[in-house]
file run_6.txt (compact mmCIF, C-alpha atoms)
# COMPACT_ATOMS: atom_id res chain seq x y z
CA MET Y 1 0.00 0.00 0.00
CA LYS Y 2 1.32 3.50 -0.84
CA LYS Y 3 2.80 5.40 2.07
CA ASN Y 4 0.66 8.50 1.52
CA THR Y 5 -2.67 6.65 1.42
CA THR Y 6 -5.03 8.11 4.02
CA ALA Y 7 -6.98 5.95 6.45
CA GLN Y 8 -10.17 6.76 4.55
CA GLU Y 9 -8.64 5.59 1.30
CA THR Y 10 -7.17 2.51 2.99
CA ILE Y 11 -10.56 1.49 4.39
CA LEU Y 12 -12.14 1.59 0.92
CA ILE Y 13 -9.54 -0.92 -0.24
CA THR Y 14 -9.77 -2.89 3.02
CA ALA Y 15 -13.57 -3.07 2.79
CA GLY Y 16 -13.24 -4.81 -0.57
CA THR Y 17 -10.67 -7.26 0.79
CA VAL Y 18 -12.72 -7.98 3.93
CA THR Y 19 -15.84 -8.59 1.84
CA ALA Y 20 -13.92 -11.07 -0.31
CA GLU Y 21 -12.56 -12.86 2.78
CA LEU Y 22 -16.05 -13.05 4.28
CA ASN Y 23 -17.43 -14.50 1.07
CA GLY Y 24 -14.71 -17.14 1.38
CA VAL Y 25 -15.79 -17.83 4.98
CA ASN Y 26 -19.35 -18.26 3.80
CA GLU Y 27 -18.29 -20.79 1.19
CA ILE Y 28 -16.41 -22.79 3.86
CA ALA Y 29 -19.51 -22.69 6.11
CA LYS Y 30 -21.57 -24.09 3.22
CA ASP Y 31 -19.05 -26.90 2.77
CA MET Y 32 -19.26 -27.56 6.51
CA THR Y 33 -23.03 -27.94 6.24
CA LEU Y 34 -22.60 -30.47 3.42
CA GLY Y 35 -19.97 -32.29 5.48
CA VAL Y 36 -22.37 -32.46 8.42
CA MET Y 37 -25.09 -34.00 6.28
CA ASN Y 38 -22.58 -36.62 5.19
CA ALA Y 39 -21.48 -37.22 8.80
CA LYS Y 40 -25.10 -37.63 9.89
CA THR Y 41 -25.66 -40.30 7.26
CA ILE Y 42 -22.51 -42.15 8.29
CA SER Y 43 -23.32 -42.00 12.01
CA HIS Y 44 -26.86 -43.18 11.29
CA ARG Y 45 -25.47 -46.18 9.40
CA ALA Y 46 -22.96 -46.84 12.17
CA GLY Y 47 -25.88 -47.12 14.59
CA GLU Y 48 -25.20 -47.52 18.31
CA SER Y 49 -21.38 -47.41 17.95
CA ALA Y 50 -21.52 -43.82 16.59
CA LYS Y 51 -24.15 -42.63 19.05
CA GLY Y 52 -21.71 -40.17 20.66
CA PHE Y 53 -21.00 -38.66 17.27
CA ARG Y 54 -24.56 -37.38 16.70
CA PRO Y 55 -24.57 -34.44 19.13
CA ILE Y 56 -21.27 -33.45 17.56
CA THR Y 57 -22.80 -33.29 14.08
CA ASP Y 58 -25.64 -31.19 15.51
CA TYR Y 59 -23.05 -28.89 17.01
CA ILE Y 60 -21.09 -28.55 13.74
CA GLU Y 61 -24.37 -27.80 11.95
CA GLN Y 62 -25.07 -25.05 14.47
CA VAL Y 63 -21.55 -23.61 14.06
CA ALA Y 64 -21.92 -23.51 10.26
CA ARG Y 65 -25.29 -21.75 10.62
CA ASP Y 66 -23.88 -19.25 13.14
CA VAL Y 67 -20.90 -18.50 10.89
CA SER Y 68 -23.15 -17.88 7.87
CA GLN Y 69 -25.40 -15.56 9.90
CA ALA Y 70 -22.40 -13.69 11.30
CA VAL Y 71 -21.00 -13.29 7.77
CA VAL Y 72 -24.27 -11.69 6.61
CA ARG Y 73 -24.27 -9.33 9.62
CA ILE Y 74 -20.61 -8.40 9.33
CA SER Y 75 -20.85 -7.92 5.55
CA GLN Y 76 -23.68 -5.43 6.07
CA ASP Y 77 -21.56 -3.57 8.61
CA VAL Y 78 -18.60 -3.55 6.21
CA SER Y 79 -20.85 -1.99 3.60
CA VAL Y 80 -21.94 0.70 6.13
CA LEU Y 81 -18.28 1.24 6.99
CA SER Y 82 -17.46 1.81 3.31
CA ARG Y 83 -20.20 4.43 3.06
CA LEU Y 84 -18.93 6.13 6.22
CA ALA Y 85 -15.40 6.03 4.82
CA VAL Y 86 -16.59 7.78 1.64
CA SER Y 87 -18.29 10.51 3.70
CA TYR Y 88 -15.30 10.82 6.06
CA HIS Y 89 -12.97 11.01 3.07
CA ARG Y 90 -15.20 13.54 1.31
CA TYR Y 91 -15.49 15.94 4.26
CA GLY Y 92 -11.76 15.64 4.91
CA LYS Y 93 -11.06 16.66 1.32
CA ILE Y 94 -13.61 19.49 1.37
CA LEU Y 95 -12.11 20.80 4.58
CA LYS Y 96 -8.60 20.75 3.09
CA THR Y 97 -9.85 22.60 -0.01
CA TYR Y 98 -11.41 25.34 2.14
CA GLN Y 99 -8.26 25.58 4.26
CA CYS Y 100 -6.25 26.12 1.05
CA VAL Y 101 -8.70 28.84 -0.02
CA GLN Y 102 -8.31 30.50 3.37
CA GLN Y 103 -4.55 30.63 2.89
CA GLU Y 104 -4.84 31.89 -0.69
CA ALA Y 105 -7.51 34.46 0.07
CA GLY Y 106 -5.76 35.85 3.12
CA GLN Y 107 -5.73 39.41 1.81
CA ALA Y 108 -9.11 39.32 0.06
CA GLU Y 109 -11.61 41.91 1.21
CA HIS Y 110 -14.25 39.33 2.12
CA ALA Y 111 -11.97 36.55 3.43
CA SER Y 112 -13.56 36.98 6.86
CA SER Y 113 -16.66 35.15 5.62
CA LEU Y 114 -14.67 31.89 5.40
CA PRO Y 115 -13.90 30.95 9.07
CA PRO Y 116 -17.53 30.06 10.02
CA VAL Y 117 -17.68 27.71 7.01
CA ILE Y 118 -14.39 26.09 7.99
CA GLU Y 119 -15.47 25.68 11.64
CA ASN Y 120 -18.63 23.98 10.45
CA LEU Y 121 -16.66 21.66 8.19
CA GLU Y 122 -14.24 20.81 11.01
CA ARG Y 123 -17.20 19.88 13.20
CA GLN Y 124 -18.68 17.75 10.42
CA ALA Y 125 -15.34 16.01 9.76
CA LYS Y 126 -14.95 15.25 13.46
CA GLU Y 127 -18.47 13.80 13.67
CA ASP Y 128 -17.82 11.65 10.62
CA ARG Y 129 -14.56 10.42 12.09
CA ASN Y 130 -16.26 9.43 15.37
CA ARG Y 131 -19.06 7.60 13.55
CA PHE Y 132 -16.49 5.84 11.40
CA LEU Y 133 -14.38 4.81 14.42
CA GLN Y 134 -17.44 3.55 16.31
CA ASN Y 135 -18.46 1.38 13.38
CA LEU Y 136 -14.93 0.12 12.92
CA GLU Y 137 -14.66 -0.84 16.60
CA GLY Y 138 -17.98 -2.68 16.37
CA LEU Y 139 -16.76 -4.60 13.37
CA ILE Y 140 -13.51 -5.63 15.04
CA PHE Y 141 -15.52 -6.78 18.07
CA GLN Y 142 -17.80 -8.93 15.89
CA LEU Y 143 -14.82 -10.50 14.16
CA ASN Y 144 -13.29 -11.31 17.56
CA GLU Y 145 -16.54 -12.98 18.60
CA MET Y 146 -16.49 -15.06 15.46
CA LYS Y 147 -12.88 -16.02 16.06
CA ASN Y 148 -13.76 -17.16 19.60
CA SER Y 149 -16.70 -19.27 18.49
CA ILE Y 150 -14.48 -20.90 15.86
CA ARG Y 151 -11.88 -21.65 18.53
CA SER Y 152 -14.40 -23.85 20.38
CA SER Y 153 -14.95 -25.83 17.16
CA LYS Y 154 -11.36 -26.92 17.33
CA VAL Y 155 -12.10 -28.62 20.67
CA ILE Y 156 -15.08 -30.31 19.07
CA SER Y 157 -12.96 -31.73 16.26
CA THR Y 158 -10.71 -33.34 18.89
CA VAL Y 159 -13.71 -34.79 20.68
CA SER Y 160 -15.13 -36.08 17.39
CA ARG Y 161 -11.85 -37.88 16.71
CA VAL Y 162 -12.20 -39.69 20.07
CA GLU Y 163 -15.78 -40.62 19.22
CA ALA Y 164 -14.74 -41.80 15.77
CA ALA Y 165 -12.25 -44.16 17.37
CA SER Y 166 -15.05 -45.95 19.22
CA SER Y 167 -16.87 -46.85 16.02
CA GLN Y 168 -14.69 -49.57 14.52
CA ALA Y 169 -16.55 -50.09 11.23
CA PHE Y 170 -16.94 -46.42 10.43
CA ARG Y 171 -13.84 -45.15 12.13
CA GLN Y 172 -12.13 -44.07 8.89
CA SER Y 173 -15.19 -42.21 7.54
CA LEU Y 174 -15.81 -40.41 10.83
CA GLU Y 175 -12.16 -39.47 11.07
CA VAL Y 176 -12.45 -37.84 7.66
CA VAL Y 177 -15.40 -35.81 9.03
CA ALA Y 178 -13.29 -34.79 12.03
CA ASP Y 179 -10.38 -33.85 9.72
CA ASP Y 180 -12.67 -31.78 7.46
CA LEU Y 181 -14.04 -29.96 10.48
CA GLU Y 182 -10.55 -29.15 11.66
CA ILE Y 183 -9.42 -27.94 8.23
CA SER Y 184 -12.57 -25.81 7.77
CA THR Y 185 -12.35 -24.18 11.17
CA GLU Y 186 -8.67 -23.44 10.60
CA LYS Y 187 -9.41 -21.86 7.22
CA ILE Y 188 -12.20 -19.73 8.72
CA ARG Y 189 -9.96 -18.72 11.61
CA GLU Y 190 -7.21 -17.63 9.19
CA ARG Y 191 -9.61 -15.56 7.12
CA VAL Y 192 -11.20 -13.94 10.17
CA MET Y 193 -7.74 -13.17 11.55
CA ARG Y 194 -6.76 -11.50 8.27
CA CYS Y 195 -9.93 -9.35 8.33
CA ASN Y 196 -9.29 -8.44 11.93
CA GLN Y 197 -5.68 -7.56 11.23
CA GLN Y 198 -6.57 -5.31 8.29
CA LEU Y 199 -9.26 -3.42 10.22
CA THR Y 200 -6.98 -3.05 13.25
CA THR Y 201 -4.33 -1.54 10.94
CA VAL Y 202 -6.86 0.99 9.63
CA MET Y 203 -7.88 1.83 13.20
CA ALA Y 204 -4.24 2.43 14.15
CA GLN Y 205 -3.74 4.60 11.07
CA ILE Y 206 -6.76 6.76 11.93
CA GLN Y 207 -5.54 7.19 15.48
CA ARG Y 208 -2.10 8.18 14.15
CA GLU Y 209 -3.58 10.67 11.67
CA GLY Y 210 -5.79 12.34 14.25
CA VAL Y 211 -8.71 14.53 13.12
CA ALA Y 212 -9.33 14.63 9.34
CA MET Q 1 -7.57 33.26 -11.74
CA LYS Q 2 -8.20 36.43 -13.73
CA SER Q 3 -11.25 38.50 -12.99
CA ILE Q 4 -12.63 41.27 -15.20
CA CYS Q 5 -15.58 43.55 -14.54
CA LEU Q 6 -17.78 43.48 -17.65
CA TYR Q 7 -20.38 45.97 -16.47
CA ASN Q 8 -20.35 48.35 -13.55
CA GLU Q 9 -23.46 50.44 -13.07
CA ALA Q 10 -26.25 49.90 -10.53
CA HIS Q 11 -25.33 46.23 -10.71
CA GLN Q 12 -22.12 44.51 -11.79
CA TRP Q 13 -21.05 41.66 -14.06
CA HIS Q 14 -17.77 39.87 -13.49
CA VAL Q 15 -16.08 37.16 -15.52
CA PHE Q 16 -13.55 34.80 -13.91
CA GLY Q 17 -11.23 32.64 -15.97
CA ARG Q 18 -7.76 31.88 -17.30
CA ASP Q 19 -6.92 29.98 -14.12
CA SER Q 20 -3.14 29.60 -14.12
CA LYS Q 21 -3.35 27.03 -11.31
CA LYS Q 22 -5.76 24.67 -12.99
CA VAL Q 23 -4.75 21.06 -13.52
CA LYS Q 24 -3.17 20.39 -16.91
CA GLY Q 25 -5.42 18.75 -19.45
CA ILE Q 26 -8.74 20.16 -18.27
CA VAL Q 27 -10.55 22.59 -20.52
CA ASP Q 28 -10.39 26.26 -19.52
CA THR Q 29 -13.70 27.75 -18.41
CA ASN Q 30 -15.25 31.17 -17.88
CA GLN Q 31 -17.35 31.66 -14.75
CA TYR Q 32 -19.68 34.63 -14.36
CA MET Q 33 -21.16 36.54 -11.46
CA ILE Q 34 -23.83 39.23 -11.31
CA GLN Q 35 -23.92 41.36 -8.18
CA SER Q 36 -27.13 43.26 -7.55
CA GLY Q 37 -27.04 45.00 -4.18
CA ASN Q 38 -26.55 42.37 -1.51
CA ARG Q 39 -27.50 39.49 -3.78
CA CYS Q 40 -25.29 37.65 -6.23
CA LEU Q 41 -25.90 35.09 -8.94
CA LEU Q 42 -23.02 32.76 -9.82
CA MET Q 43 -23.38 31.39 -13.34
CA ASP Q 44 -21.81 28.10 -14.43
CA PRO Q 45 -19.54 28.18 -11.36
CA GLY Q 46 -17.25 25.51 -12.81
CA GLY Q 47 -15.76 22.15 -12.01
CA ILE Q 48 -14.19 20.80 -8.84
CA GLU Q 49 -10.70 21.58 -10.13
CA VAL Q 50 -11.30 25.32 -10.41
CA PHE Q 51 -13.33 25.67 -7.20
CA ALA Q 52 -10.50 26.87 -4.92
CA SER Q 53 -9.28 29.48 -7.42
CA MET Q 54 -12.82 30.58 -8.15
CA LEU Q 55 -13.80 30.98 -4.49
CA THR Q 56 -10.56 32.86 -3.77
CA ALA Q 57 -11.26 35.22 -6.68
CA ILE Q 58 -14.85 35.80 -5.59
CA LEU Q 59 -13.85 36.74 -2.05
CA HIS Q 60 -12.15 39.81 -3.49
CA HIS Q 61 -15.59 41.04 -4.60
CA VAL Q 62 -18.31 39.72 -2.29
CA SER Q 63 -18.76 37.85 0.96
CA LEU Q 64 -20.20 34.34 0.97
CA ASP Q 65 -23.54 35.32 2.48
CA GLU Q 66 -24.17 37.61 -0.51
CA ILE Q 67 -24.14 34.68 -2.95
CA THR Q 68 -27.80 33.78 -2.89
CA ASP Q 69 -28.26 32.11 -6.26
CA LEU Q 70 -26.42 29.72 -8.55
CA PHE Q 71 -27.20 28.97 -12.16
CA ALA Q 72 -26.13 25.92 -14.15
CA SER Q 73 -26.84 26.19 -17.88
CA HIS Q 74 -26.74 22.40 -18.07
CA GLN Q 75 -25.37 19.33 -16.29
CA ASP Q 76 -21.81 19.01 -17.55
CA PRO Q 77 -18.97 18.58 -15.00
CA ASP Q 78 -17.10 21.68 -16.18
CA ILE Q 79 -20.29 23.65 -15.47
CA ILE Q 80 -21.31 22.48 -12.01
CA SER Q 81 -19.30 19.55 -10.61
CA SER Q 82 -18.12 21.95 -7.88
CA LEU Q 83 -21.67 22.08 -6.48
CA GLY Q 84 -20.90 19.78 -3.53
CA LEU Q 85 -18.11 22.17 -2.53
CA TRP Q 86 -20.12 25.36 -3.02
CA GLU Q 87 -23.02 24.18 -0.94
CA GLN Q 88 -20.79 23.83 2.13
CA ALA Q 89 -20.41 27.60 2.07
CA LEU Q 90 -23.82 28.43 0.62
CA PRO Q 91 -26.31 26.10 2.33
CA HIS Q 92 -29.12 28.62 1.82
CA ALA Q 93 -28.43 29.38 -1.83
CA ARG Q 94 -30.79 28.30 -4.60
CA LEU Q 95 -29.70 26.51 -7.76
CA HIS Q 96 -31.49 27.46 -10.98
CA THR Q 97 -31.07 24.73 -13.54
CA PRO Q 98 -33.02 23.06 -16.38
CA ARG Q 99 -35.74 20.98 -14.77
CA ILE Q 100 -34.64 17.78 -16.51
CA TRP Q 101 -31.17 17.79 -14.93
CA GLU Q 102 -31.94 17.98 -11.21
CA GLY Q 103 -31.56 14.26 -10.52
CA PHE Q 104 -28.34 14.17 -12.54
CA ILE Q 105 -26.75 17.23 -10.96
CA ARG Q 106 -27.37 15.76 -7.51
CA HIS Q 107 -24.66 13.23 -8.40
CA PHE Q 108 -22.15 16.02 -7.82
CA GLY Q 109 -22.38 15.47 -4.05
CA SER Q 110 -25.22 17.89 -3.46
CA THR Q 111 -27.59 17.29 -0.56
CA LYS Q 112 -28.48 20.67 0.92
CA ILE Q 113 -28.99 23.19 -1.86
CA LYS Q 114 -32.49 24.17 -2.91
CA TYR Q 115 -33.24 23.35 -6.54
CA MET Q 116 -35.22 25.84 -8.60
CA PRO Q 117 -36.10 23.93 -11.78
CA ILE Q 118 -36.37 26.20 -14.82
CA PRO Q 119 -39.33 25.23 -17.01
CA ASP Q 120 -38.59 24.42 -20.66
CA GLU Q 121 -40.01 27.73 -21.88
CA GLY Q 122 -37.63 29.74 -19.64
CA ASP Q 123 -38.19 32.00 -16.67
CA ILE Q 124 -37.32 35.31 -15.04
CA LEU Q 125 -35.17 35.69 -11.94
CA ASP Q 126 -35.63 38.80 -9.83
CA LEU Q 127 -32.23 39.52 -8.31
CA ASN Q 128 -32.85 42.39 -5.93
CA GLY Q 129 -35.02 44.16 -8.50
CA LEU Q 130 -32.82 43.23 -11.47
CA LYS Q 131 -34.81 41.11 -13.90
CA LEU Q 132 -32.72 38.36 -15.49
CA GLN Q 133 -34.13 36.13 -18.22
CA PHE Q 134 -33.39 32.44 -18.52
CA ILE Q 135 -33.42 32.03 -22.30
CA PRO Q 136 -34.08 28.52 -23.70
CA ALA Q 137 -31.13 27.09 -25.62
CA HIS Q 138 -32.16 23.43 -25.67
CA TYR Q 139 -29.90 21.06 -27.58
CA LEU Q 140 -27.15 23.70 -27.61
CA HIS Q 141 -25.59 21.46 -26.67
CA ALA Q 142 -27.45 19.73 -23.81
CA SER Q 143 -31.04 18.60 -24.26
CA GLY Q 144 -32.06 20.93 -21.42
CA ASN Q 145 -30.07 24.16 -21.67
CA PHE Q 146 -30.52 27.83 -20.78
CA HIS Q 147 -28.64 31.10 -21.24
CA VAL Q 148 -28.92 34.19 -19.04
CA TYR Q 149 -29.85 37.55 -20.52
CA ASP Q 150 -29.55 40.86 -18.75
CA ALA Q 151 -31.45 43.50 -20.73
CA LYS Q 152 -30.00 46.35 -18.68
CA ALA Q 153 -26.36 45.41 -19.17
CA LYS Q 154 -27.12 43.96 -22.63
CA ILE Q 155 -25.09 40.87 -21.82
CA LEU Q 156 -26.07 37.39 -22.91
CA MET Q 157 -24.30 34.61 -21.01
CA SER Q 158 -24.41 32.01 -23.77
CA GLY Q 159 -23.00 28.85 -22.20
CA ASP Q 160 -21.36 26.68 -24.85
CA VAL Q 161 -22.66 28.79 -27.73
CA GLY Q 162 -19.75 30.92 -28.89
CA ALA Q 163 -17.29 28.72 -27.02
CA ALA Q 164 -13.77 28.26 -28.34
CA LEU Q 165 -11.17 25.74 -27.26
CA ASP Q 166 -8.34 28.20 -26.95
CA HIS Q 167 -5.03 28.30 -25.09
CA PRO Q 168 -5.21 29.12 -21.35
CA ASP Q 169 -3.95 32.68 -21.71
CA ALA Q 170 -6.21 33.63 -24.63
CA PRO Q 171 -7.45 37.25 -24.58
CA MET Q 172 -10.68 37.81 -22.65
CA PHE Q 173 -12.31 39.41 -25.74
CA VAL Q 174 -12.21 38.33 -29.37
CA GLU Q 175 -9.84 40.63 -31.22
CA ASP Q 176 -9.74 39.13 -34.72
CA PHE Q 177 -13.01 37.38 -35.55
CA GLU Q 178 -11.75 35.64 -38.71
CA ALA Q 179 -8.78 34.19 -36.80
CA HIS Q 180 -11.12 33.15 -33.98
CA ILE Q 181 -13.30 31.01 -36.28
CA ASN Q 182 -10.69 28.24 -36.36
CA LYS Q 183 -10.82 27.97 -32.61
CA MET Q 184 -14.59 27.48 -32.44
CA LYS Q 185 -15.61 25.82 -35.69
CA MET Q 186 -14.96 22.19 -34.74
CA PHE Q 187 -16.44 22.75 -31.28
CA HIS Q 188 -19.76 24.02 -32.66
CA GLN Q 189 -19.96 21.45 -35.45
CA ARG Q 190 -19.29 18.56 -33.09
CA TRP Q 191 -20.91 19.63 -29.82
CA MET Q 192 -24.08 21.18 -31.25
CA PRO Q 193 -26.30 18.38 -32.50
CA SER Q 194 -29.24 20.15 -34.16
CA ASN Q 195 -29.48 22.68 -36.99
CA ARG Q 196 -33.14 23.21 -36.11
CA ALA Q 197 -32.30 24.02 -32.48
CA LYS Q 198 -29.52 26.31 -33.65
CA GLN Q 199 -31.85 28.31 -35.96
CA ASP Q 200 -34.42 28.58 -33.17
CA TRP Q 201 -31.77 30.04 -30.86
CA ILE Q 202 -30.42 32.42 -33.55
CA LYS Q 203 -33.94 33.79 -34.02
CA ARG Q 204 -34.30 34.25 -30.26
CA ALA Q 205 -30.85 35.86 -29.88
CA ARG Q 206 -31.46 38.27 -32.76
CA GLY Q 207 -34.51 39.51 -30.88
CA LEU Q 208 -32.30 40.58 -27.95
CA GLU Q 209 -30.13 43.64 -27.72
CA VAL Q 210 -26.71 42.12 -27.04
CA GLU Q 211 -23.60 44.17 -26.43
CA ILE Q 212 -21.56 41.29 -25.01
CA LEU Q 213 -21.99 37.61 -25.84
CA ALA Q 214 -20.32 35.72 -23.00
CA PRO Q 215 -19.56 32.02 -23.65
CA GLN Q 216 -18.31 29.49 -21.09
CA HIS Q 217 -15.04 28.78 -22.93
CA GLY Q 218 -12.67 31.08 -24.75
CA SER Q 219 -12.95 34.77 -25.58
CA LEU Q 220 -16.08 36.90 -25.24
CA PHE Q 221 -17.68 38.72 -28.18
CA LYS Q 222 -18.20 42.44 -27.89
CA GLY Q 223 -19.88 45.03 -30.13
CA GLU Q 224 -19.83 44.15 -33.84
CA HIS Q 225 -18.31 40.72 -33.13
CA VAL Q 226 -21.64 39.67 -31.60
CA GLN Q 227 -23.32 40.08 -35.00
CA HIS Q 228 -20.35 38.47 -36.72
CA PHE Q 229 -20.78 35.47 -34.51
CA LEU Q 230 -24.56 35.21 -35.07
CA ASP Q 231 -24.09 35.41 -38.86
CA TRP Q 232 -21.30 32.83 -38.81
CA PHE Q 233 -23.21 30.44 -36.53
CA GLU Q 234 -26.39 30.78 -38.61
CA ALA Q 235 -24.55 29.62 -41.71
CA LEU Q 236 -22.66 26.81 -39.99
CA GLU Q 237 -23.85 23.25 -40.40
CA VAL Q 238 -23.77 21.47 -37.04
CA GLY Q 239 -24.14 17.86 -35.92
CA THR Q 240 -21.57 16.80 -38.46
CA ALA Q 241 -20.27 13.70 -36.69
CA VAL Q 242 -23.09 11.68 -38.27
CA ALA Q 243 -21.89 10.50 -41.65
call {"tool": "encode", "arguments": {"input": "run_6.txt", "output": "C-alpha cells"}}
result
Amino acid sequence: MKKNTTAQETILITAGTVTAELNGVNEIAKDMTLGVMNAKTISHRAGESAKGFRPITDYIEQVARDVSQAVVRISQDVSVLSRLAVSYHRYGKILKTYQCVQQEAGQAEHASSLPPVIENLERQAKEDRNRFLQNLEGLIFQLNEMKNSIRSSKVISTVSRVEAASSQAFRQSLEVVADDLEISTEKIRERVMRCNQQLTTVMAQIQREGVA
Amino acid sequence: MKSICLYNEAHQWHVFGRDSKKVKGIVDTNQYMIQSGNRCLLMDPGGIEVFASMLTAILHHVSLDEITDLFASHQDPDIISSLGLWEQALPHARLHTPRIWEGFIRHFGSTKIKYMPIPDEGDILDLNGLKLQFIPAHYLHASGNFHVYDAKAKILMSGDVGAALDHPDAPMFVEDFEAHINKMKMFHQRWMPSNRAKQDWIKRARGLEVEILAPQHGSLFKGEHVQHFLDWFEALEVGTAVA
C-alpha cells in the first residue's frame, strides 16, 4: 500500500478485501453444512457405535449456521463502513480545499466570511470520524466474537476424533469428518484473523492521523 | 484566476477565468457573477478543479452570504461539478437549472442546496429588482439548456454557444473574428447536435439587444463581433459527426 494513502482511502480498499474474505468464509460454512449432512448419514449407518457422534454433528451444523449468519451481519456492517469512509474522506477533502482557499484568500476583502464555514466543516469532519471509528470498533468486536466461536470448534474436532475411534466399522469415515471440520475451522480462523488484522491496521492509522 | 468587470453600473457583471493554477489537461472555463445590491448570482460556477481558485477570486468582490443564487446552464462537470463544494459555504443558496437535470446534478455530491427547476419555456429571476431572463437554448448542446440575458447590461451569457477551445492565456475578448473562427468551428460542429435548435436560438438571440456575448469557454464577443458570430453560426452546419 502506498505510504501516503489516508486511512479513509485505505478502508475503501480494506472493505473490498474484507468482503472477499467473508465470502470465502461463507463458502467454507456451506461446505461444513454439506460435510455435516454426510457425517449424519454415516453415524446413522454406524448405529449404536456412533451414538456419541450425533450431538457433535448437531453442534457442527449449528456452528456452520452461526458462521453464515455472522458473515451476513458483518458484511452489512462492512458496507456501512465503506459508506462512512466515503463521507469521512469527502469531508476531509472538502475541509482541506477550504483551508487552502483560506490561505490563498488571506488578503481578500471578504476573506472573513470563510472561518464560520471552515469551523462547520471541522465539526462535520470530526463527527464523521467518530461515527467511522465507532463502526470500525464494532466490526472488530464482531470478528473477535467469530474467532472465539471458531476456537471452540477446534475442541469439538478433537472430541469427534475420540468418538470416531469408538466406532470400529466407520472409524475411517468419521475421522475424515473430524479432519474436514478441523481444516474448515482453521481456514475460517485464518480468514477472520486477516480481516481483523486489516481493520486493526486501519484503526491504528486513523488514530495516528488524528482529526481529518 | 483572472477577474474582469464586464459591467459596472447599478449592478455589476464579473467574468472569472484563465486559471493559471488549474490542472493540466482540463478545458479552460469562464465563470460569471452578477452582483445586484446584496445578492449575487453565480453562473456556471465551474468544475471541482477550479473551485479553490474561483472561491478565492470571488472573495475579493463579495462575501459568501451575498451569494444567494447559482445557475447551471446544463449538467456538464465543467459547469457544475463543484456544487458539492459550493453548498458547504452556501447552504441557503438556490440553484437554478433546467428541470430535466436535477436528478443528474445531484450526483455532484449535493444534498443541501435548494433546486429551482427552470421550465422548458424559460423563466425570469428577480435579483434584488434586477430582472434576469433564462433564455431557452435546448440542444445547444445539452437537451435541457438555458442562457442568461440581462437587458440592462445587454449581456447574454451564452454557455457553450460561442465557445472556443483556446489556449489558457487567450485574450478575454475576441480581437480578430476571422482568426477566432478556427478555434470554435470544430467545437460548434461537433458539440451542437441540431441545426433546427440552432436556428431557433439564432432567431431568439437576434430579438435581444446584445452588447456582449459571453460564452463558457474562450474569448467573449463584444460590439460588432456579436453580430459576426450570429451570422457565422447561422450559416454553420452542425451535428456533423453523423456520416
call {"tool": "interface_residues", "arguments": {"input": "run_6.txt", "of": "chain Y", "to": "chain Q", "cutoff": "10 Å", "atoms": "all atoms listed in the file", "output": "NGL selection string"}}
result
:Y and (90-91 or 93-95 or 97-114 or 116-118 or 120-121)
call {"tool": "residues_near_point", "arguments": {"input": "run_6.txt", "point": "(-26.6, 32.9, -15.7)", "cutoff": "8 Å", "atoms": "only C-alpha atoms", "output": "list of chain:residue names"}}
result
Q:Tyr32, Q:Met33, Q:Leu41, Q:Leu42, Q:Met43, Q:Asp44, Q:Leu70, Q:Phe71, Q:Ala72, Q:Ser73, Q:Phe134, Q:His147, Q:Val148, Q:Tyr149, Q:Met157
call {"tool": "atom_distance", "arguments": {"input": "run_6.txt", "atom1": "atom CA of Y:Phe53", "atom2": "atom CA of Y:Ile28"}}
result
21.3 Å
call {"tool": "residues_around", "arguments": {"input": "run_6.txt", "residues": "Y:Ser82", "least_positions_apart": "5", "cutoff": "12 Å", "atoms": "all atoms listed in the file", "output": "list in words"}}
result
Ala7, Gln8, Glu9, Thr10, Ile11, Leu12, Ile13, Thr14, Ala15, Gly16, Thr17, Val18, Thr19, Ser75, Gln76, Asp77, Ser87, Tyr88, His89, Arg131, Phe132, Leu133, Asn135, Leu136, Leu139 and Leu199 of chain Y
call {"tool": "residues_around", "arguments": {"input": "run_6.txt", "residues": "Q:Cys40", "least_positions_apart": "3", "cutoff": "8 Å", "atoms": "all atoms listed in the file", "output": "PDB file with C-alpha atoms, in the frame of the given file"}}
result
ATOM      1  CA  MET Q  33     -21.160  36.540 -11.460  1.00  0.00           C
ATOM      2  CA  ILE Q  34     -23.830  39.230 -11.310  1.00  0.00           C
ATOM      3  CA  GLN Q  35     -23.920  41.360  -8.180  1.00  0.00           C
ATOM      4  CA  SER Q  36     -27.130  43.260  -7.550  1.00  0.00           C
ATOM      5  CA  GLY Q  37     -27.040  45.000  -4.180  1.00  0.00           C
ATOM      6  CA  GLU Q  66     -24.170  37.610  -0.510  1.00  0.00           C
ATOM      7  CA  ILE Q  67     -24.140  34.680  -2.950  1.00  0.00           C
ATOM      8  CA  THR Q  68     -27.800  33.780  -2.890  1.00  0.00           C
ATOM      9  CA  ASP Q  69     -28.260  32.110  -6.260  1.00  0.00           C
ATOM     10  CA  LEU Q 127     -32.230  39.520  -8.310  1.00  0.00           C
TER      11      LEU Q 127
END
call {"tool": "residues_around", "arguments": {"input": "run_6.txt", "residues": "stretch 159-163 of chain Q", "least_positions_apart": "6", "cutoff": "7 Å", "atoms": "only C-alpha atoms", "output": "ChimeraX atom specification"}}
result
/Q:73,140-141,147,184,215-218
call {"tool": "closest_residue", "arguments": {"input": "run_6.txt", "among": "Q:Pro168, Q:Leu213, Q:Gly46, Q:Gln75", "to": "Q:Arg106", "atoms": "all atoms listed in the file"}}
result
Q:Gln75
call {"tool": "closest_residue", "arguments": {"input": "run_6.txt", "among": "Q:Gly223, Q:Pro45, Q:Gly207, Q:Gly122", "to": "Q:Ser81", "atoms": "only C-alpha atoms"}}
result
Q:Pro45
call {"tool": "residues_around", "arguments": {"input": "run_6.txt", "residues": "Q:Ile135", "least_positions_apart": "5", "cutoff": "12 Å", "atoms": "all atoms listed in the file", "output": "NGL selection string"}}
result
:Q and (73 or 97-98 or 118-125 or 140 or 144-151 or 156-159 or 200-205 or 207-208)
call {"tool": "closest_residue", "arguments": {"input": "run_6.txt", "among": "Q:Ile181, Q:Leu132, Q:Val15, Q:Val27", "to": "Q:His228", "atoms": "only C-alpha atoms"}}
result
Q:Ile181
call {"tool": "closest_residue", "arguments": {"input": "run_6.txt", "among": "Y:Glu163, Y:Ser184, Y:Arg123, Y:Val192", "to": "Y:Phe141", "atoms": "all atoms listed in the file"}}
result
Y:Val192
call {"tool": "atom_distance", "arguments": {"input": "run_6.txt", "atom1": "atom CA of Y:Ala64", "atom2": "atom CA of Y:Ala29"}}
result
4.9 Å
call {"tool": "atom_distance", "arguments": {"input": "run_6.txt", "atom1": "atom CA of Y:Val155", "atom2": "atom CA of Y:Arg54"}}
result
15.7 Å
